[in-house]
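Shown next: structure_26.cif, given as mmCIF, C-alpha atoms.
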data_data
#
loop_
_atom_site.label_atom_id
_atom_site.label_comp_id
_atom_site.auth_asym_id
_atom_site.auth_seq_id
_atom_site.Cartn_x
_atom_site.Cartn_y
_atom_site.Cartn_z
CA MET Z 1 120.56 78.98 86.16
CA THR Z 2 118.25 76.50 87.80
CA ASP Z 3 118.87 72.95 88.88
CA ALA Z 4 115.79 70.90 88.12
CA ASN Z 5 116.71 68.37 90.76
CA ALA Z 6 116.67 70.80 93.62
CA ALA Z 7 113.88 71.22 96.11
CA ILE Z 8 112.11 74.41 97.04
CA ASP Z 9 112.90 75.15 100.68
CA PHE Z 10 109.68 76.56 102.11
CA TYR Z 11 110.12 78.31 105.46
CA PHE Z 12 107.06 79.42 107.39
CA ASP Z 13 105.77 79.93 110.89
CA LEU Z 14 102.61 77.93 111.53
CA THR Z 15 100.99 81.07 112.99
CA SER Z 16 101.78 83.16 109.91
CA PRO Z 17 98.72 84.02 107.79
CA TYR Z 18 100.86 84.65 104.72
CA GLY Z 19 102.66 81.38 105.39
CA TYR Z 20 99.28 79.65 105.39
CA LEU Z 21 98.26 81.31 102.11
CA ALA Z 22 101.58 80.23 100.60
CA SER Z 23 101.11 76.66 101.84
CA GLU Z 24 97.94 76.41 99.79
CA ARG Z 25 99.75 77.36 96.57
CA ILE Z 26 103.30 76.04 96.88
CA GLU Z 27 102.51 72.48 95.75
CA ASP Z 28 101.04 73.65 92.44
CA ILE Z 29 104.12 75.74 91.74
CA ALA Z 30 106.52 72.96 92.71
CA LEU Z 31 104.63 70.41 90.62
CA LYS Z 32 104.64 72.71 87.60
CA HIS Z 33 108.43 72.88 87.70
CA GLY Z 34 109.09 69.29 88.74
CA ARG Z 35 110.42 70.36 92.14
CA SER Z 36 109.98 68.79 95.53
CA ILE Z 37 109.29 70.82 98.66
CA ARG Z 38 111.22 70.86 101.93
CA TRP Z 39 108.61 72.00 104.47
CA ARG Z 40 110.49 74.01 107.11
CA PRO Z 41 108.30 75.31 109.93
CA ILE Z 42 110.28 77.84 111.97
CA LEU Z 43 109.71 80.11 114.94
CA LEU Z 44 109.56 83.69 113.71
CA GLY Z 45 110.07 85.02 117.23
CA ALA Z 46 113.64 83.69 117.17
CA VAL Z 47 114.21 85.19 113.73
CA PHE Z 48 112.79 88.57 114.72
CA LYS Z 49 115.30 88.74 117.57
CA ILE Z 50 117.97 88.97 114.87
CA SER Z 51 116.21 91.29 112.45
CA GLY Z 52 114.42 93.47 114.98
CA ALA Z 53 111.20 92.99 113.04
CA ARG Z 54 107.87 92.90 114.82
CA PRO Z 55 104.77 90.79 114.24
CA LEU Z 56 102.55 92.28 111.52
CA LEU Z 57 99.70 93.29 113.75
CA GLU Z 58 102.01 95.12 116.16
CA VAL Z 59 103.24 97.58 113.52
CA PRO Z 60 101.15 100.76 113.30
CA LEU Z 61 99.48 101.22 109.90
CA LEU Z 62 100.79 97.86 108.65
CA ASP Z 63 98.37 96.20 111.06
CA GLU Z 64 95.33 97.89 109.52
CA TYR Z 65 96.56 97.16 106.01
CA SER Z 66 97.17 93.52 106.84
CA ARG Z 67 93.70 93.02 108.26
CA VAL Z 68 92.32 94.01 104.85
CA ASP Z 69 95.04 92.47 102.73
CA MET Z 70 95.10 88.99 104.24
CA PRO Z 71 91.46 88.12 103.46
CA ARG Z 72 91.69 89.91 100.11
CA SER Z 73 94.73 87.86 99.11
CA ALA Z 74 92.94 84.71 100.29
CA ARG Z 75 89.84 85.56 98.22
CA GLU Z 76 91.94 86.06 95.11
CA HIS Z 77 92.99 82.42 95.24
CA ASN Z 78 89.74 81.07 96.70
CA ILE Z 79 91.49 80.03 99.89
CA PRO Z 80 89.25 79.89 102.96
CA PHE Z 81 90.63 82.23 105.61
CA THR Z 82 89.63 83.78 108.89
CA LEU Z 83 92.10 85.61 111.10
CA PRO Z 84 92.11 83.35 114.17
CA ASP Z 85 91.57 84.41 117.74
CA PRO Z 86 93.93 84.24 119.60
CA PHE Z 87 96.48 85.46 117.09
CA PRO Z 88 99.41 85.00 116.92
CA VAL Z 89 100.11 81.86 118.96
CA ALA Z 90 103.31 80.05 119.90
CA THR Z 91 103.90 77.22 117.47
CA VAL Z 92 106.55 75.16 119.26
CA ALA Z 93 104.38 72.05 119.67
CA ALA Z 94 102.96 72.33 116.16
CA ALA Z 95 106.38 72.75 114.58
CA ARG Z 96 107.88 69.90 116.59
CA THR Z 97 105.01 67.76 115.34
CA VAL Z 98 105.95 68.45 111.73
CA TYR Z 99 109.58 67.52 112.33
CA TRP Z 100 108.55 64.38 114.19
CA VAL Z 101 106.37 63.34 111.26
CA GLU Z 102 109.23 64.13 108.91
CA LEU Z 103 111.38 61.64 110.82
CA ASN Z 104 108.76 58.94 111.24
CA ASP Z 105 106.42 59.20 108.27
CA PRO Z 106 107.93 61.68 105.82
CA GLY Z 107 105.28 61.16 103.16
CA ASN Z 108 102.72 62.52 105.61
CA VAL Z 109 104.42 65.90 106.13
CA PRO Z 110 102.33 67.91 103.62
CA ALA Z 111 99.11 66.48 105.04
CA ILE Z 112 100.12 67.34 108.60
CA VAL Z 113 101.17 70.88 107.67
CA HIS Z 114 97.87 71.46 105.87
CA ALA Z 115 95.89 69.95 108.72
CA LEU Z 116 97.54 72.21 111.30
CA LEU Z 117 97.28 75.38 109.22
CA ARG Z 118 93.68 74.75 108.17
CA ALA Z 119 92.71 73.95 111.75
CA TYR Z 120 94.03 77.35 112.79
CA PHE Z 121 93.12 79.56 109.83
CA VAL Z 122 89.84 77.93 108.80
CA GLU Z 123 88.41 76.33 111.92
CA ASN Z 124 89.91 78.73 114.47
CA ILE Z 125 91.39 75.86 116.48
CA ASN Z 126 94.16 77.25 118.68
CA ILE Z 127 97.24 75.32 117.54
CA GLY Z 128 99.23 77.15 120.22
CA ASP Z 129 97.67 74.60 122.57
CA ALA Z 130 99.55 71.28 122.46
CA GLU Z 131 96.38 69.31 123.18
CA ASN Z 132 94.79 70.72 120.04
CA VAL Z 133 97.92 69.92 118.05
CA LEU Z 134 97.67 66.31 119.23
CA ASP Z 135 94.00 66.18 118.25
CA VAL Z 136 94.70 67.56 114.77
CA ALA Z 137 97.61 65.17 114.25
CA ALA Z 138 95.55 62.21 115.49
CA ALA Z 139 92.84 63.07 112.97
CA SER Z 140 95.56 62.83 110.31
CA GLY Z 141 96.53 59.32 111.35
CA VAL Z 142 99.28 60.03 113.86
CA ASN Z 143 99.22 58.00 117.07
CA ARG Z 144 98.25 60.57 119.68
CA ASP Z 145 100.07 59.00 122.63
CA THR Z 146 103.25 58.35 120.70
CA LEU Z 147 103.30 61.96 119.51
CA ALA Z 148 102.50 63.32 122.97
CA ALA Z 149 105.59 61.53 124.32
CA ALA Z 150 107.70 62.55 121.34
CA LEU Z 151 106.94 66.26 121.80
CA GLN Z 152 108.84 66.07 125.09
CA ASP Z 153 111.74 64.12 123.57
CA PRO Z 154 114.99 66.12 123.70
CA ALA Z 155 115.85 64.84 120.22
CA ILE Z 156 112.70 66.40 118.73
CA LYS Z 157 113.22 69.61 120.69
CA ALA Z 158 116.76 69.75 119.31
CA ARG Z 159 115.52 69.08 115.81
CA LEU Z 160 113.25 72.14 115.81
CA LYS Z 161 115.98 74.25 117.37
CA ASP Z 162 118.40 73.11 114.67
CA ALA Z 163 115.87 73.90 111.96
CA VAL Z 164 115.41 77.44 113.31
CA ASP Z 165 119.16 77.90 113.64
CA GLU Z 166 119.67 76.68 110.10
CA ALA Z 167 117.02 79.13 108.85
CA ILE Z 168 118.76 82.00 110.63
CA GLU Z 169 122.15 80.95 109.25
CA THR Z 170 120.59 80.82 105.81
CA LYS Z 171 119.39 84.43 106.37
CA VAL Z 172 115.69 83.61 106.43
CA PHE Z 173 113.93 86.61 108.01
CA GLY Z 174 110.23 86.24 107.33
CA SER Z 175 107.33 83.93 106.58
CA PRO Z 176 106.79 82.67 103.99
CA TYR Z 177 110.33 82.53 102.69
CA PHE Z 178 111.50 80.39 99.78
CA ILE Z 179 114.93 79.31 98.64
CA VAL Z 180 115.34 77.50 95.36
CA ASP Z 181 118.60 77.01 93.48
CA GLY Z 182 120.18 79.44 95.95
CA GLU Z 183 117.73 82.23 95.10
CA HIS Z 184 115.81 83.74 97.99
CA PHE Z 185 112.21 84.90 97.66
CA TRP Z 186 110.42 86.52 100.57
CA GLY Z 187 106.70 86.82 100.93
CA ASN Z 188 103.45 85.41 99.70
CA ASP Z 189 103.39 88.07 97.00
CA ARG Z 190 106.71 86.84 95.60
CA MET Z 191 105.45 83.37 94.73
CA ASP Z 192 104.45 84.54 91.26
CA GLN Z 193 107.93 85.94 90.74
CA MET Z 194 109.50 82.66 91.90
CA ASP Z 195 107.17 80.85 89.51
CA ARG Z 196 108.31 83.05 86.62
CA TRP Z 197 111.95 82.66 87.69
CA LEU Z 198 111.68 78.87 87.59
CA HIS Z 199 109.80 79.00 84.30
CA SER Z 200 112.44 81.08 82.57
CA GLY Z 201 115.46 79.50 84.22
CA GLY Z 202 116.40 82.76 85.90
CA TRP Z 203 117.19 86.18 84.50
CA MET P 1 83.70 97.31 92.69
CA THR P 2 85.83 99.62 90.64
CA ASP P 3 85.11 103.10 89.38
CA ALA P 4 86.60 103.41 85.91
CA ASN P 5 86.81 107.19 86.27
CA ALA P 6 89.05 107.14 89.30
CA ALA P 7 92.77 107.74 89.28
CA ILE P 8 95.42 105.49 90.73
CA ASP P 9 97.06 107.39 93.59
CA PHE P 10 100.74 106.45 93.39
CA TYR P 11 102.71 107.32 96.52
CA PHE P 12 106.48 106.98 96.49
CA ASP P 13 109.63 108.48 97.92
CA LEU P 14 112.00 109.66 95.22
CA THR P 15 114.83 107.84 97.01
CA SER P 16 112.94 104.53 97.10
CA PRO P 17 114.33 101.86 94.74
CA TYR P 18 111.04 99.97 94.71
CA GLY P 19 109.25 103.27 94.09
CA TYR P 20 111.49 103.77 91.09
CA LEU P 21 110.80 100.27 89.77
CA ALA P 22 107.07 100.91 90.19
CA SER P 23 107.33 104.25 88.38
CA GLU P 24 108.59 102.42 85.31
CA ARG P 25 105.54 100.14 85.22
CA ILE P 26 102.61 102.15 86.59
CA GLU P 27 101.75 103.92 83.35
CA ASP P 28 101.29 100.67 81.44
CA ILE P 29 98.96 99.36 84.13
CA ALA P 30 96.99 102.61 84.30
CA LEU P 31 96.68 102.80 80.52
CA LYS P 32 95.48 99.21 80.34
CA HIS P 33 92.60 100.00 82.66
CA GLY P 34 91.85 103.50 81.39
CA ARG P 35 92.99 105.10 84.63
CA SER P 36 94.91 108.29 85.23
CA ILE P 37 97.72 108.53 87.76
CA ARG P 38 98.10 110.97 90.65
CA TRP P 39 101.87 111.10 91.22
CA ARG P 40 102.37 111.66 94.96
CA PRO P 41 106.01 111.94 96.02
CA ILE P 42 106.22 111.76 99.79
CA LEU P 43 108.91 111.77 102.47
CA LEU P 44 109.15 108.28 103.94
CA GLY P 45 111.06 109.59 106.94
CA ALA P 46 107.94 111.38 108.13
CA VAL P 47 105.86 108.25 107.55
CA PHE P 48 108.33 106.00 109.36
CA LYS P 49 108.04 108.22 112.44
CA ILE P 50 104.45 107.00 112.66
CA SER P 51 104.98 103.35 111.77
CA GLY P 52 108.34 102.88 113.47
CA ALA P 53 109.64 101.27 110.27
CA ARG P 54 113.26 101.69 109.25
CA PRO P 55 114.88 102.18 105.85
CA LEU P 56 115.39 98.86 104.06
CA LEU P 57 119.15 98.82 104.25
CA GLU P 58 119.13 99.46 107.99
CA VAL P 59 117.23 96.27 108.80
CA PRO P 60 119.48 93.27 109.44
CA LEU P 61 118.93 90.42 106.94
CA LEU P 62 116.41 92.48 104.96
CA ASP P 63 119.31 94.66 103.82
CA GLU P 64 121.20 91.74 102.31
CA TYR P 65 118.05 90.39 100.69
CA SER P 66 117.20 93.78 99.23
CA ARG P 67 120.63 94.23 97.68
CA VAL P 68 119.98 91.04 95.68
CA ASP P 69 116.26 91.52 95.16
CA MET P 70 116.29 95.10 93.85
CA PRO P 71 118.49 94.41 90.80
CA ARG P 72 116.79 91.05 90.25
CA SER P 73 113.36 92.68 90.18
CA ALA P 74 114.71 95.35 87.84
CA ARG P 75 116.15 92.73 85.48
CA GLU P 76 112.84 90.89 85.34
CA HIS P 77 111.24 93.95 83.74
CA ASN P 78 114.32 95.12 81.82
CA ILE P 79 114.54 98.28 83.90
CA PRO P 80 118.03 99.78 84.14
CA PHE P 81 119.00 99.99 87.81
CA THR P 82 122.04 100.64 89.95
CA LEU P 83 121.80 101.20 93.67
CA PRO P 84 123.01 104.80 93.93
CA ASP P 85 125.73 106.09 96.20
CA PRO P 86 124.93 107.92 98.42
CA PHE P 87 121.77 106.04 99.30
CA PRO P 88 119.25 106.96 100.62
CA VAL P 89 119.14 110.73 100.18
CA ALA P 90 116.75 113.41 101.40
CA THR P 91 114.22 114.17 98.69
CA VAL P 92 112.70 117.42 99.89
CA ALA P 93 113.92 119.52 96.94
CA ALA P 94 113.08 116.80 94.42
CA ALA P 95 109.58 116.30 95.81
CA ARG P 96 108.90 120.04 95.98
CA THR P 97 109.93 120.20 92.33
CA VAL P 98 107.29 117.66 91.37
CA TYR P 99 104.56 119.58 93.21
CA TRP P 100 105.70 122.86 91.66
CA VAL P 101 105.50 121.30 88.19
CA GLU P 102 102.08 119.91 89.08
CA LEU P 103 100.90 123.47 89.78
CA ASN P 104 102.57 125.15 86.84
CA ASP P 105 102.77 122.57 84.06
CA PRO P 106 100.74 119.54 85.15
CA GLY P 107 101.18 117.66 81.89
CA ASN P 108 104.92 117.56 82.58
CA VAL P 109 104.67 115.74 85.91
CA PRO P 110 105.33 112.20 84.63
CA ALA P 111 108.36 113.41 82.66
CA ILE P 112 109.81 115.22 85.67
CA VAL P 113 109.27 112.23 87.94
CA HIS P 114 110.96 109.91 85.46
CA ALA P 115 113.81 112.36 84.90
CA LEU P 116 114.52 112.63 88.64
CA LEU P 117 114.27 108.90 89.32
CA ARG P 118 116.33 107.90 86.31
CA ALA P 119 118.96 110.50 87.18
CA TYR P 120 119.31 108.89 90.58
CA PHE P 121 118.86 105.18 89.85
CA VAL P 122 120.45 105.01 86.40
CA GLU P 123 122.99 107.83 86.26
CA ASN P 124 123.84 107.96 89.97
CA ILE P 125 123.16 111.70 90.12
CA ASN P 126 122.57 112.66 93.75
CA ILE P 127 119.04 114.11 93.73
CA GLY P 128 119.44 114.86 97.42
CA ASP P 129 121.44 117.88 96.22
CA ALA P 130 119.11 120.72 95.18
CA GLU P 131 121.56 121.93 92.52
CA ASN P 132 121.34 118.55 90.81
CA VAL P 133 117.56 118.64 91.04
CA LEU P 134 117.58 122.02 89.31
CA ASP P 135 119.86 120.64 86.58
CA VAL P 136 117.65 117.64 85.98
CA ALA P 137 114.51 119.78 85.89
CA ALA P 138 116.14 122.28 83.54
CA ALA P 139 117.03 119.45 81.18
CA SER P 140 113.31 118.61 81.16
CA GLY P 141 112.31 122.11 80.09
CA VAL P 142 111.76 123.76 83.48
CA ASN P 143 113.18 127.27 83.90
CA ARG P 144 116.04 126.74 86.33
CA ASP P 145 115.93 130.18 87.99
CA THR P 146 112.17 130.18 88.37
CA LEU P 147 112.30 126.75 89.99
CA ALA P 148 115.23 127.70 92.23
CA ALA P 149 113.17 130.59 93.61
CA ALA P 150 110.04 128.46 93.85
CA LEU P 151 111.76 125.80 95.97
CA GLN P 152 112.11 128.43 98.71
CA ASP P 153 108.51 129.61 98.35
CA PRO P 154 106.51 128.94 101.53
CA ALA P 155 103.55 127.95 99.37
CA ILE P 156 105.53 125.11 97.74
CA LYS P 157 107.00 124.03 101.07
CA ALA P 158 103.46 123.89 102.45
CA ARG P 159 102.26 121.93 99.45
CA LEU P 160 104.74 119.11 100.04
CA LYS P 161 104.00 119.12 103.74
CA ASP P 162 100.28 118.87 102.98
CA ALA P 163 100.92 115.99 100.57
CA VAL P 164 102.87 114.09 103.21
CA ASP P 165 100.22 114.81 105.85
CA GLU P 166 97.50 113.63 103.48
CA ALA P 167 99.43 110.43 102.81
CA ILE P 168 99.77 109.78 106.53
CA GLU P 169 96.07 110.50 107.10
CA THR P 170 95.26 108.11 104.27
CA LYS P 171 97.37 105.46 106.11
CA VAL P 172 100.14 105.25 103.52
CA PHE P 173 103.11 103.58 105.22
CA GLY P 174 105.54 102.57 102.50
CA SER P 175 106.87 103.16 99.00
CA PRO P 176 105.50 102.38 96.51
CA TYR P 177 101.94 102.50 97.76
CA PHE P 178 98.86 102.57 95.56
CA ILE P 179 95.26 103.48 96.25
CA VAL P 180 92.64 102.89 93.61
CA ASP P 181 88.88 102.85 94.18
CA GLY P 182 89.62 102.93 97.90
CA GLU P 183 91.70 99.73 97.75
CA HIS P 184 95.22 99.94 99.16
CA PHE P 185 98.14 98.03 97.62
CA TRP P 186 101.58 98.23 99.16
CA GLY P 187 104.78 97.35 97.41
CA ASN P 188 106.30 96.90 94.00
CA ASP P 189 105.40 93.22 94.16
CA ARG P 190 101.71 94.04 94.56
CA MET P 191 101.40 95.81 91.23
CA ASP P 192 100.47 92.54 89.53
CA GLN P 193 97.75 91.97 92.11
CA MET P 194 96.44 95.52 91.59
CA ASP P 195 96.48 94.84 87.86
CA ARG P 196 94.43 91.68 88.33
CA TRP P 197 92.09 93.46 90.74
CA LEU P 198 91.39 96.20 88.19
CA HIS P 199 91.00 93.61 85.43
CA SER P 200 88.42 91.58 87.30
CA GLY P 201 86.62 94.51 88.94
CA GLY P 202 87.61 93.33 92.40
CA TRP P 203 86.93 90.08 94.21
#

Would you mind writing the file's structure down as structure tokens?
Amino acid sequence: MTDANAAIDFYFDLTSPYGYLASERIEDIALKHGRSIRWRPILLGAVFKISGARPLLEVPLLDEYSRVDMPRSAREHNIPFTLPDPFPVATVAAARTVYWVELNDPGNVPAIVHALLRAYFVENINIGDAENVLDVAAASGVNRDTLAAALQDPAIKARLKDAVDEAIETKVFGSPYFIVDGEHFWGNDRMDQMDRWLHSGGW
Amino acid sequence: MTDANAAIDFYFDLTSPYGYLASERIEDIALKHGRSIRWRPILLGAVFKISGARPLLEVPLLDEYSRVDMPRSAREHNIPFTLPDPFPVATVAAARTVYWVELNDPGNVPAIVHALLRAYFVENINIGDAENVLDVAAASGVNRDTLAAALQDPAIKARLKDAVDEAIETKVFGSPYFIVDGEHFWGNDRMDQMDRWLHSGGW
């Protein structure tokens, strides 16, 4: 059973290529089913400490496959994509930025997420660097100085930490990861299944 | 580009739930695109020694997800499925059986593969036990005594070993795993993408 009022919780790390690919498709799927989206950037490093998983490109064989599969999956959906260098990067500042925008200008969250991900995966701007994050956010209408101060605010630091803790408690273990109506879907390649699930009201 | 004459190489471990789910769908996809199938049972344990990957149900968080996802993915396609007990099992005898049938009665390979997988994932028959493998094969028209002797034949042992080595050389790292026209697709949830790839002639 589905609850048409419920949001899709969309968990992703801002350095995750498959999270980026998912971010370019999730709004169409949500719109189709009359759902909203809760954008939940997380830090996969913290999650991997629990699961013992390793970053994609550190796993023998999977790394080679991923280097082919990521651009192929992007091409299928006409999503511009280049594996950035450096990759991966720490996304603490970028994720804090999203949660700060959520608090201060919630309607701007999708735009900020897209701006950060496209900066990294299209323009190869290193969003692991807080200065670049500030530049990207400023270009999306955020006051650069206000955000720069906010990124050091203990309340914002705590907010990201809480979001990661909540993800771990909810058993999120990868990126992208979706929860809708209590159903968990892991991976970019499960978006079609989630779409079918929402369409049919479950099975 | 696709080559309409080429087979789909379908790699799977006979103890792999997602391999089983794929086995129930691969023939429809192959038929649709006029492709044959090369059924390649492998031993994931040997592959995981290279990749460092662990069996699904030994990975924290992923295990819980999989226990929900496997039956859900089965239900979507109306495939009968029960996670067997014991699980996983060693599939040396079962895999050798498939390669022996391939040598001696190649047209019977799909039937033997289905019989073994359905015995395990539908009827909870432990195909890690060679006696059960012989029973299942006998029910599919194989001479039980001939097969029992063949399973100890160094030539058949070598044939499975060669198949696993070939899979590793070809960079196969999971189950199910598909190679068609040189394109690699990993995972039950990538069958739809492979289907679209074959339909469109690549992208």

- Using the chain letters and numbers from the file, give me the residues hit by the PyMOL selection byres ((chain Z) within 8 of (chain P)), as JSON, numbers by chain. {"Z": [50, 51, 52, 59, 60, 61, 62, 65, 72, 75, 76, 171, 172, 173, 184, 189, 190, 203]}

- Query: Care to translate the PyMOL selection byres ((chain P and resi 36) around 10) into actual residues of this file, as JSON, numbers by chain?
  - Reply: {"P": [4, 5, 6, 7, 8, 9, 26, 27, 29, 30, 31, 33, 34, 35, 37, 38, 39]}

- Query: From the set P:Asn132, P:Ser140, P:Thr146, P:Ser175, which residue has the shortest atom-to-atom contact distance to Ala93 of chain P, counting all atoms listed in the file?
  - Reply: P:Asn132

- Task: Please evaluate the PyMOL selection byres ((chain Z and resi 160) around 12) against the displayed coordinates and give the resulting residues as a ChimeraX atom specification.
- Result: /Z:13,40-43,46,91-100,102-103,151-159,161-167

- Message: Could you list, as a PyMOL selection string, every residue within 10 Å of Asp85 of chain P, counting all atoms listed in the file and ignoring same-chain residues fewer than 5 positions away?
- Response: chain P and resi 120-121+124-126

- Item | Shell of 10 Å around Ser23 of chain P, all atoms listed in the file, local chain residues under 5 positions omitted, as a PyMOL selection string | chain P and resi 10-12+14+17-18+28+39+110+113-114+117-118+176+188

- Take atom CA of Pro106 of chain Z and atom CA of Leu134 of chain Z and report the distance between them in Å, one decimal. 17.5 Å

- Message: I'd like to know which of P:Leu116, P:His199, P:Val101, P:Val122 is closest to Thr82 of chain P, using all atoms listed in the file.
- Response: P:Val122

- Query: For Asp129 of chain P, which residue out of P:Val142, P:Ala90, P:Ile79, P:Met194 is the nearest one, using all atoms listed in the file?
  - Reply: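 With all atoms listed in the file as the atom set, the closest residue is P:Ala90.
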
- Item | Straight-line distance linking atom CA of Val180 of chain Z with atom CA of Leu21 of chain Z, stated in Å to one decimal |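 Distance reported for this atom pair: 18.8 Å.
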
- Item | Interatomic distance, atom CA of Gly141 of chain P to atom CA of Ser16 of chain P (Å, one decimal) | 24.5 Å

- For Tyr177 of chain Z, which of Z:Ala22, Z:Thr15, Z:Asn108, Z:Ala138 is the closest residue, counting only C-alpha atoms?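 Using only C-alpha atoms, the shortest distance to Tyr177 of chain Z belongs to Z:Ala22.
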
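For the choices Z:Phe81, Z:Val89, Z:Asp181, Z:Ala115, the atom-to-atom distance to Gly201 of chain Z is smallest for Z:Asp181 when using all atoms listed in the file.
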
Fill-in result for segment 180-193 of chain P, N, CA, C and O atoms as a compact mmCIF listing (two decimals), in the coordinates of the input:
# COMPACT_ATOMS: atom_id res chain seq x y z
N VAL P 180 93.53 102.76 94.76
CA VAL P 180 92.64 102.89 93.61
C VAL P 180 91.26 102.38 94.04
O VAL P 180 91.14 101.31 94.64
N ASP P 181 90.26 103.19 93.78
CA ASP P 181 88.88 102.85 94.18
C ASP P 181 88.82 102.50 95.67
O ASP P 181 88.06 101.62 96.07
N GLY P 182 89.63 103.17 96.46
CA GLY P 182 89.62 102.93 97.90
C GLY P 182 90.39 101.70 98.34
O GLY P 182 90.53 101.46 99.54
N GLU P 183 90.91 100.91 97.40
CA GLU P 183 91.70 99.73 97.75
C GLU P 183 93.17 100.12 97.87
O GLU P 183 93.70 100.82 97.01
N HIS P 184 93.81 99.64 98.92
CA HIS P 184 95.22 99.94 99.16
C HIS P 184 96.09 98.77 98.73
O HIS P 184 95.80 97.62 99.08
N PHE P 185 97.16 99.05 98.01
CA PHE P 185 98.14 98.03 97.62
C PHE P 185 99.52 98.55 97.95
O PHE P 185 99.90 99.63 97.51
N TRP P 186 100.26 97.78 98.71
CA TRP P 186 101.58 98.23 99.16
C TRP P 186 102.66 97.38 98.50
O TRP P 186 102.63 96.16 98.58
N GLY P 187 103.60 98.05 97.86
CA GLY P 187 104.78 97.35 97.41
C GLY P 187 104.83 97.11 95.91
O GLY P 187 103.81 96.87 95.26
N ASN P 188 106.03 97.18 95.40
CA ASN P 188 106.30 96.90 94.00
C ASN P 188 105.73 95.54 93.59
O ASN P 188 105.19 95.38 92.50
N ASP P 189 105.83 94.58 94.51
CA ASP P 189 105.40 93.22 94.16
C ASP P 189 103.89 93.05 94.25
O ASP P 189 103.38 91.96 94.00
N ARG P 190 103.16 94.11 94.59
CA ARG P 190 101.71 94.04 94.56
C ARG P 190 101.10 94.68 93.32
O ARG P 190 99.88 94.75 93.18
N MET P 191 101.94 95.17 92.43
CA MET P 191 101.40 95.81 91.23
C MET P 191 100.64 94.80 90.37
O MET P 191 99.63 95.12 89.77
N ASP P 192 101.16 93.56 90.33
CA ASP P 192 100.47 92.54 89.53
C ASP P 192 99.10 92.25 90.14
O ASP P 192 98.13 92.04 89.42
N GLN P 193 99.04 92.22 91.47
CA GLN P 193 97.75 91.97 92.11
C GLN P 193 96.79 93.12 91.83
O GLN P 193 95.61 92.91 91.55
